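Next comes my_file.cif, with mmCIF, C-alpha atoms.
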data_entry
#
loop_
_atom_site.label_atom_id
_atom_site.label_comp_id
_atom_site.auth_asym_id
_atom_site.auth_seq_id
_atom_site.Cartn_x
_atom_site.Cartn_y
_atom_site.Cartn_z
CA MET A 1 -39.41 -59.67 30.65
CA LEU A 2 -38.66 -63.33 30.63
CA SER A 3 -37.36 -62.93 27.11
CA ARG A 4 -34.76 -60.46 28.25
CA LEU A 5 -32.95 -63.40 29.81
CA VAL A 6 -32.91 -65.09 26.42
CA LEU A 7 -30.98 -62.24 24.80
CA ARG A 8 -28.75 -63.52 22.06
CA ALA A 9 -25.82 -61.71 20.51
CA ALA A 10 -26.47 -62.22 16.79
CA PRO A 11 -28.71 -59.46 15.56
CA ALA A 12 -31.35 -59.82 12.92
CA ALA A 13 -29.27 -58.08 10.27
CA LEU A 14 -27.07 -61.13 9.97
CA ARG A 15 -30.03 -63.21 8.86
CA ALA A 16 -30.73 -61.05 5.85
CA LEU A 17 -27.49 -61.53 3.90
CA PRO A 18 -26.98 -59.80 0.55
CA PRO A 19 -27.75 -61.96 -2.49
CA PRO A 20 -24.80 -64.03 -3.72
CA VAL A 21 -22.81 -62.65 -6.61
CA ALA A 22 -23.30 -64.61 -9.80
CA VAL A 23 -20.07 -66.43 -10.56
CA GLY A 24 -19.81 -66.15 -14.30
CA VAL A 25 -16.66 -66.14 -16.40
CA LEU A 26 -13.52 -66.31 -14.34
CA HIS A 27 -11.98 -63.29 -16.07
CA THR A 28 -14.57 -60.80 -14.83
CA THR A 29 -13.53 -58.91 -11.74
CA ARG A 30 -15.91 -59.34 -8.85
CA THR A 31 -16.68 -56.14 -7.05
CA LEU A 32 -16.58 -56.79 -3.36
CA HIS A 33 -17.99 -54.76 -0.50
CA THR A 34 -19.77 -52.28 -2.72
CA THR A 35 -23.31 -52.91 -1.49
CA GLN A 36 -24.72 -50.56 1.10
CA GLN A 37 -25.64 -53.48 3.29
CA SER A 38 -22.34 -54.19 5.01
CA LEU A 39 -22.13 -56.23 8.18
CA ALA A 40 -20.21 -53.76 10.33
CA PRO A 41 -20.95 -51.77 12.31
CA VAL A 42 -23.85 -53.95 13.35
CA PRO A 43 -27.08 -51.96 13.84
CA PRO A 44 -28.18 -51.84 17.47
CA LEU A 45 -31.09 -53.92 18.75
CA PRO A 46 -34.53 -52.28 18.78
CA GLU A 47 -35.43 -50.84 22.14
CA LYS A 48 -38.85 -52.43 22.65
CA GLY A 49 -40.58 -55.41 21.02
CA GLY A 50 -43.91 -55.42 19.29
CA GLU A 51 -46.79 -54.17 21.38
CA VAL A 52 -49.00 -56.88 22.88
CA ARG A 53 -52.25 -56.13 24.64
CA HIS A 54 -53.22 -58.14 27.74
CA GLY A 55 -50.11 -60.23 27.11
CA LEU A 56 -51.86 -62.30 24.45
CA ILE A 57 -53.04 -60.31 21.44
CA PRO A 58 -50.72 -58.20 19.31
CA GLU A 59 -51.62 -54.56 18.90
CA GLU A 60 -51.77 -54.92 15.12
CA PHE A 61 -55.03 -56.83 15.45
CA PHE A 62 -56.68 -53.93 17.24
CA GLN A 63 -55.35 -51.50 14.65
CA PHE A 64 -56.61 -53.78 11.90
CA LEU A 65 -60.17 -53.70 13.24
CA TYR A 66 -60.17 -50.05 14.32
CA PRO A 67 -61.31 -48.42 11.01
CA LYS A 68 -64.38 -50.64 10.75
CA THR A 69 -65.42 -51.23 14.35
CA GLY A 70 -63.71 -48.59 16.48
CA VAL A 71 -62.18 -49.26 19.86
CA THR A 72 -64.61 -51.85 21.22
CA GLY A 73 -64.62 -54.00 18.07
CA PRO A 74 -62.03 -56.58 19.06
CA TYR A 75 -63.52 -56.89 22.56
CA MET A 76 -66.98 -57.55 21.14
CA LEU A 77 -65.44 -60.06 18.78
CA GLY A 78 -63.69 -61.74 21.69
CA THR A 79 -66.87 -61.86 23.80
CA GLY A 80 -68.93 -63.23 20.96
CA LEU A 81 -66.33 -65.85 20.17
CA LEU A 82 -66.11 -66.91 23.81
CA LEU A 83 -69.89 -67.23 24.16
CA TYR A 84 -70.12 -69.18 20.91
CA LEU A 85 -67.41 -71.61 22.05
CA LEU A 86 -69.06 -72.08 25.43
CA SER A 87 -72.62 -72.48 24.17
CA LYS A 88 -71.75 -74.92 21.44
CA GLU A 89 -69.44 -76.70 23.86
CA ILE A 90 -66.53 -76.44 21.53
CA TYR A 91 -64.75 -75.43 24.72
CA VAL A 92 -65.80 -77.96 27.34
CA VAL A 93 -66.00 -76.88 30.97
CA ASN A 94 -64.58 -79.69 33.09
CA HIS A 95 -62.14 -80.19 35.94
CA GLU A 96 -59.32 -78.86 33.78
CA THR A 97 -61.11 -75.53 33.52
CA ALA A 98 -61.11 -75.12 37.30
CA ALA A 99 -57.46 -76.07 37.49
CA ALA A 100 -56.60 -73.65 34.67
CA ALA A 101 -58.49 -70.85 36.38
CA CYS A 102 -56.61 -71.34 39.66
CA ILE A 103 -53.23 -71.59 37.95
CA LEU A 104 -53.87 -68.53 35.81
CA THR A 105 -54.92 -66.50 38.82
CA VAL A 106 -51.75 -67.36 40.66
CA ILE A 107 -49.59 -66.66 37.61
CA VAL A 108 -51.20 -63.31 36.92
CA TYR A 109 -50.86 -62.29 40.56
CA ALA A 110 -47.19 -63.30 40.62
CA ILE A 111 -46.45 -61.42 37.41
CA LYS A 112 -48.20 -58.30 38.59
CA LYS A 113 -46.31 -58.40 41.88
CA PHE A 114 -42.78 -59.46 40.90
CA GLY A 115 -42.68 -58.41 37.28
CA PRO A 116 -40.90 -55.08 37.61
CA ASP A 117 -38.29 -56.45 40.00
CA VAL A 118 -37.35 -59.29 37.67
CA ALA A 119 -37.27 -56.86 34.77
CA ALA A 120 -34.92 -54.55 36.66
CA PHE A 121 -32.68 -57.47 37.58
CA ALA A 122 -32.48 -58.66 33.98
CA ASP A 123 -31.75 -55.12 32.84
CA LYS A 124 -28.95 -54.89 35.36
CA LEU A 125 -27.43 -58.11 34.03
CA ASN A 126 -27.61 -56.75 30.53
CA GLU A 127 -26.06 -53.48 31.61
CA GLU A 128 -23.18 -55.30 33.25
CA LYS A 129 -22.55 -57.32 30.10
CA MET A 130 -22.58 -54.20 27.99
CA ALA A 131 -20.35 -52.40 30.44
CA THR A 132 -17.72 -55.15 30.41
CA ALA A 133 -17.76 -55.30 26.62
CA LEU A 134 -17.48 -51.54 26.38
CA ALA A 135 -14.71 -51.49 28.96
CA MET A 136 -12.80 -54.08 26.98
CA LYS A 137 -13.20 -52.08 23.82
CA ASN A 138 -12.08 -48.88 25.52
CA GLU A 139 -9.15 -50.64 27.09
CA ALA A 140 -8.09 -52.02 23.74
CA VAL A 141 -8.39 -48.61 22.13
CA GLN A 142 -6.44 -47.04 25.00
CA SER A 143 -3.66 -49.59 24.82
CA LEU A 144 -3.39 -49.08 21.08
CA GLN A 145 -3.22 -45.32 21.58
CA THR A 146 -0.38 -45.66 24.08
CA ALA A 147 1.33 -48.05 21.68
CA ILE A 148 1.07 -45.43 18.95
CA GLU A 149 2.54 -42.77 21.21
CA ASP A 150 5.36 -45.03 22.29
CA GLU A 151 6.10 -45.77 18.67
CA LYS A 152 6.25 -42.06 17.85
CA LYS A 153 8.57 -41.55 20.80
CA GLU A 154 10.84 -44.31 19.56
CA GLN A 155 10.93 -42.69 16.16
CA TRP A 156 11.91 -39.40 17.73
CA ARG A 157 14.61 -41.18 19.69
CA ALA A 158 15.95 -42.77 16.56
CA GLU A 159 16.59 -39.32 15.12
CA GLY A 160 19.28 -38.69 17.70
CA ARG A 161 21.41 -41.55 16.51
CA SER A 162 24.01 -39.18 14.98
CA TYR A 163 24.95 -37.95 18.45
CA LEU A 164 25.19 -41.50 19.65
CA PHE A 165 27.51 -42.41 16.83
CA ASP A 166 29.68 -39.34 17.43
CA ALA A 167 30.10 -40.30 21.05
CA LYS A 168 30.97 -43.83 20.07
CA ARG A 169 33.46 -42.64 17.52
CA ASN A 170 35.11 -40.45 20.16
CA ASN A 171 35.34 -43.41 22.48
CA VAL A 172 36.98 -45.54 19.85
CA ALA A 173 39.45 -42.82 18.93
CA MET A 174 40.38 -42.40 22.55
CA LEU A 175 40.95 -46.09 22.95
CA LEU A 176 43.15 -46.20 19.89
CA GLU A 177 45.14 -43.21 21.13
CA ALA A 178 45.62 -44.74 24.56
CA ASN A 179 46.74 -48.01 23.02
CA TYR A 180 49.17 -46.25 20.70
CA ARG A 181 50.75 -44.33 23.54
CA GLU A 182 51.02 -47.42 25.65
CA ARG A 183 52.91 -49.20 22.93
CA LEU A 184 55.11 -46.18 22.34
CA LEU A 185 56.05 -46.22 26.01
CA MET A 186 56.81 -49.91 25.86
CA VAL A 187 59.05 -49.44 22.83
CA TYR A 188 60.88 -46.60 24.55
CA ASN A 189 61.43 -48.70 27.66
CA GLU A 190 62.73 -51.68 25.74
CA VAL A 191 65.12 -49.60 23.68
CA LYS A 192 66.36 -47.83 26.80
CA LYS A 193 66.98 -51.15 28.49
CA ARG A 194 69.10 -52.40 25.60
CA LEU A 195 71.08 -49.17 25.35
CA ASP A 196 71.68 -49.18 29.10
CA TYR A 197 72.99 -52.67 28.78
CA GLN A 198 75.43 -51.65 26.11
CA VAL A 199 76.60 -48.65 28.14
CA ALA A 200 77.02 -50.79 31.22
CA MET A 201 79.05 -53.28 29.25
CA GLN A 202 81.36 -50.59 27.96
CA THR A 203 81.94 -49.00 31.36
CA LEU A 204 82.54 -52.38 32.87
CA LYS A 205 85.10 -53.20 30.20
CA ARG A 206 86.85 -49.87 30.59
CA GLN A 207 86.93 -50.25 34.35
CA LYS A 208 88.36 -53.70 34.14
CA GLU A 209 91.00 -52.57 31.70
CA GLN A 210 91.94 -49.65 33.93
CA ASP A 211 92.15 -51.77 37.03
CA HIS A 212 94.18 -54.36 35.30
CA MET A 213 96.56 -51.79 33.84
CA ILE A 214 97.04 -50.04 37.16
CA GLN A 215 97.69 -53.28 38.90
CA TRP A 216 100.15 -54.32 36.20
CA VAL A 217 101.95 -51.00 36.35
CA GLU A 218 102.14 -51.11 40.13
CA ARG A 219 103.41 -54.65 40.11
CA ASN A 220 106.08 -53.85 37.57
CA VAL A 221 107.14 -50.75 39.40
CA VAL A 222 107.34 -52.62 42.66
CA GLN A 223 109.31 -55.34 41.00
CA SER A 224 111.67 -52.87 39.36
CA ILE A 225 112.54 -51.18 42.57
CA THR A 226 115.96 -52.79 43.27
CA PRO A 227 117.53 -52.52 46.69
CA GLN A 228 120.09 -50.05 45.34
CA GLN A 229 117.37 -47.71 44.13
CA GLN A 230 115.59 -48.09 47.41
CA LYS A 231 118.58 -46.82 49.34
CA GLU A 232 119.17 -43.93 46.96
CA SER A 233 115.55 -42.84 47.12
CA ILE A 234 115.45 -42.99 50.91
CA ALA A 235 118.66 -40.86 51.12
CA LYS A 236 117.17 -38.37 48.69
CA CYS A 237 113.99 -38.18 50.73
CA ILE A 238 115.94 -37.48 53.90
CA LEU A 239 117.88 -34.68 52.16
CA ASP A 240 114.64 -33.22 50.88
CA LEU A 241 113.07 -33.37 54.34
CA LYS A 242 116.07 -31.57 55.83
CA ALA A 243 115.84 -28.85 53.22
CA LEU A 244 112.18 -28.50 53.87
CA SER A 245 112.67 -28.32 57.61
CA LYS A 246 115.25 -25.60 57.14
CA SER A 247 112.92 -23.56 55.03
CA ALA A 248 110.16 -24.19 57.53
CA HIS A 249 112.34 -23.00 60.42
CA ALA A 250 113.11 -19.90 58.37
CA VAL A 251 109.46 -19.09 57.87
CA VAL A 252 108.57 -19.47 61.52
CA MET B 1 -46.85 -61.01 -2.59
CA LYS B 2 -48.18 -60.97 0.89
CA LEU B 3 -51.27 -62.77 2.10
CA MET B 4 -52.86 -59.54 3.38
CA ASP B 5 -52.89 -58.07 -0.14
CA VAL B 6 -54.59 -61.05 -1.78
CA LYS B 7 -58.27 -60.58 -2.65
CA LEU B 8 -60.63 -63.37 -1.74
CA GLY B 9 -61.22 -64.49 -5.32
CA GLN B 10 -57.50 -64.74 -6.00
CA LEU B 11 -56.86 -67.01 -3.06
CA GLY B 12 -56.72 -70.17 -5.16
CA SER B 13 -54.25 -68.78 -7.66
CA TRP B 14 -52.15 -67.30 -4.86
CA LEU B 15 -52.08 -70.69 -3.12
CA ALA B 16 -50.94 -72.32 -6.38
CA MET B 17 -48.07 -69.85 -6.62
CA ARG B 18 -46.57 -70.86 -3.28
CA ASP B 19 -43.60 -73.16 -2.96
CA PHE B 20 -44.64 -76.44 -1.37
CA THR B 21 -41.39 -78.35 -1.78
CA PRO B 22 -39.73 -79.49 1.48
CA GLY B 23 -37.07 -76.83 1.00
CA GLY B 24 -39.75 -74.22 0.44
CA ILE B 25 -41.69 -75.31 3.52
CA LEU B 26 -38.51 -75.23 5.57
CA GLY B 27 -37.77 -71.77 4.27
CA ALA B 28 -41.25 -70.64 5.16
CA ILE B 29 -40.87 -72.00 8.69
CA ARG B 30 -37.52 -70.30 9.00
CA ARG B 31 -38.89 -67.00 7.77
CA GLY B 32 -41.85 -67.14 10.11
CA HIS B 33 -39.65 -67.99 13.04
CA SER B 34 -37.21 -65.19 12.36
CA ARG B 35 -40.06 -62.71 11.88
CA TYR B 36 -41.55 -63.59 15.26
CA TYR B 37 -38.15 -63.80 16.95
CA ASN B 38 -36.92 -60.44 15.74
CA LYS B 39 -40.19 -58.72 16.49
CA TYR B 40 -40.87 -59.93 20.01
CA ILE B 41 -37.79 -61.63 21.55
CA ASN B 42 -34.58 -60.19 20.08
CA VAL B 43 -35.04 -56.72 21.58
CA ARG B 44 -33.45 -54.78 24.42
CA LYS B 45 -36.50 -54.62 26.67
CA GLY B 46 -38.53 -57.67 25.80
CA GLY B 47 -41.94 -58.08 27.38
CA LEU B 48 -44.20 -60.80 28.62
CA GLY B 49 -46.16 -61.02 25.38
CA GLY B 50 -43.33 -62.56 23.40
CA LEU B 51 -43.30 -65.76 25.43
CA SER B 52 -46.95 -65.88 26.48
CA MET B 53 -48.19 -65.78 22.88
CA VAL B 54 -46.18 -68.90 22.12
CA LEU B 55 -47.55 -70.63 25.20
CA ALA B 56 -51.11 -69.62 24.36
CA GLY B 57 -50.68 -70.96 20.85
CA TYR B 58 -49.39 -74.23 22.28
CA ILE B 59 -52.33 -74.47 24.66
CA ILE B 60 -54.83 -73.92 21.87
CA LEU B 61 -53.10 -76.39 19.60
CA SER B 62 -52.98 -79.12 22.23
CA TYR B 63 -56.67 -78.51 23.04
CA MET B 64 -57.49 -78.94 19.37
CA TRP B 65 -55.49 -82.15 19.18
CA SER B 66 -57.14 -83.64 22.25
CA TYR B 67 -60.70 -82.47 21.46
CA SER B 68 -61.81 -85.93 20.37
CA HIS B 69 -60.93 -87.08 23.89
CA ILE B 70 -62.53 -84.14 25.69
CA LYS B 71 -65.74 -84.55 23.64
CA HIS B 72 -66.91 -87.20 26.05
CA GLU B 73 -66.99 -84.78 28.99
CA ARG B 74 -69.66 -82.53 27.49
CA ARG B 75 -72.89 -81.97 29.40
CA ARG B 76 -75.43 -83.72 27.19
CA LYS B 77 -77.53 -86.72 27.47
CA TYR B 78 -76.53 -88.50 24.32
CA HIS B 79 -72.94 -88.23 23.10
#

Would it be possible to restate this file's structure as structure tokens?
Amino acid sequence: MLSRLVLRAAPAALRALPPPVAVGVLHTTRTLHTTQQSLAPVPPLPEKGGEVRHGLIPEEFFQFLYPKTGVTGPYMLGTGLLLYLLSKEIYVVNHETAAAACILTVIVYAIKKFGPDVAAFADKLNEEKMATALAMKNEAVQSLQTAIEDEKKEQWRAEGRSYLFDAKRNNVAMLLEANYRERLLMVYNEVKKRLDYQVAMQTLKRQKEQDHMIQWVERNVVQSITPQQQKESIAKCILDLKALSKSAHAVV
Amino acid sequence: MKLMDVKLGQLGSWLAMRDFTPGGILGAIRRGHSRYYNKYINVRKGGLGGLSMVLAGYIILSYMWSYSHIKHERRRKYH
């Protein structure tokens, strides 16, 4: 379980690359990516490693000796080998042996006691790593999905552009109409002002002429009244008044 | 062809077939390393054996290298 902490990302499949394509004449077309052995998706890691018995001897050795010697074969081989090494003193028993025995005892005891806990901890770390990577992938996929949907929505929106343009055209037409009418009103007002001016001038002229003529006539008449005419007119007025008073007395 | 399939008499000829150039030796080391690595270490639930086999091999190798020194601690009268 110590090797679980040494987990690397590059899988074994990357080591075994396909053989390089022979670069011959430049005119030949190279076929790319036609081999079955492509690099993606990467095959997952194997679940468990090779079996090892007693932490030291691979299982294949036991299987290798099984047909000839059965189950106890490798153990007998191991015992015989050990006794041979000890008796011939190819393995020398000295102070290092005692030290090794103590150390190995402690190590084996520690592994037996804390092994599963450390394994579970390392597995948890691995799980967290995998979970974050998976979450990232899912998030990316999700965001791309929403992007696709938004894009489709935008495309649908773009279909309604004819209505938008109609509304805009109406707006522009209304503006033009309003502007035209405004200018029409302005023209009407200006023309009216000029015509009023002309009319006012004419009436003023006529009035002045009239006043002047009346004054001139009155002045001449007043001048022409001689004293003789004044007396005759007064006498005539008195005679007329008397006649009127007589007729008035007659009516009453 | 693999070493396990070679008969005992053909061992010499098989040995002559191998590639003993520095590049070949390097390739052999690389292949051996990747075989061991991918079998015992580069897995989801690795075990103790993967590391302990390497340590055991190192212990044995260092014992073999220092045997000439340890020889003098044998229990015999005349060394």

Check which residues satisfy the PyMOL selection byres ((chain B) within 7 of (chain A)) in the file shown, then give them as an mmCIF file with C-alpha atoms, in the frame of the given file.
data_model
loop_
_atom_site.group_PDB
_atom_site.id
_atom_site.type_symbol
_atom_site.label_atom_id
_atom_site.label_comp_id
_atom_site.auth_asym_id
_atom_site.auth_seq_id
_atom_site.Cartn_x
_atom_site.Cartn_y
_atom_site.Cartn_z
ATOM 1 C CA ASN B 38 -36.920 -60.440 15.740
ATOM 2 C CA LYS B 39 -40.190 -58.720 16.490
ATOM 3 C CA TYR B 40 -40.870 -59.930 20.010
ATOM 4 C CA ILE B 41 -37.790 -61.630 21.550
ATOM 5 C CA ASN B 42 -34.580 -60.190 20.080
ATOM 6 C CA VAL B 43 -35.040 -56.720 21.580
ATOM 7 C CA ARG B 44 -33.450 -54.780 24.420
ATOM 8 C CA LYS B 45 -36.500 -54.620 26.670
ATOM 9 C CA GLY B 46 -38.530 -57.670 25.800
ATOM 10 C CA GLY B 47 -41.940 -58.080 27.380
ATOM 11 C CA LEU B 48 -44.200 -60.800 28.620
ATOM 12 C CA GLY B 49 -46.160 -61.020 25.380
ATOM 13 C CA LEU B 51 -43.300 -65.760 25.430
ATOM 14 C CA SER B 52 -46.950 -65.880 26.480
ATOM 15 C CA MET B 53 -48.190 -65.780 22.880
ATOM 16 C CA GLU B 73 -66.990 -84.780 28.990
ATOM 17 C CA ARG B 74 -69.660 -82.530 27.490
#

Is it possible to get the axis-aligned box enclosing range 68-72 of chain B (all listed atoms, 3 Å extra per side) as JSON, with centre and edge lengths in Å rounded to one decimal?
{"center_x": -63.9, "center_y": -85.7, "center_z": 23.2, "size_x": 12.0, "size_y": 9.1, "size_z": 11.7}

Open item on the list: What's the separation between CA of Leu77 in chain A and CA of Gln63 in chain A, in Å to one decimal place?
Closed with: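 Taking CA of Leu77 in chain A as the start and CA of Gln63 in chain A as the end point, the length is 13.9 Å.
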
Open item on the list: As an exercise, work out the distance from CA of Ile60 in chain B to CA of Ala100 in chain A in Å and give it to one decimal place.
Closed with: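 Calculated distance between CA of Ile60 in chain B and CA of Ala100 in chain A is 12.9 Å.
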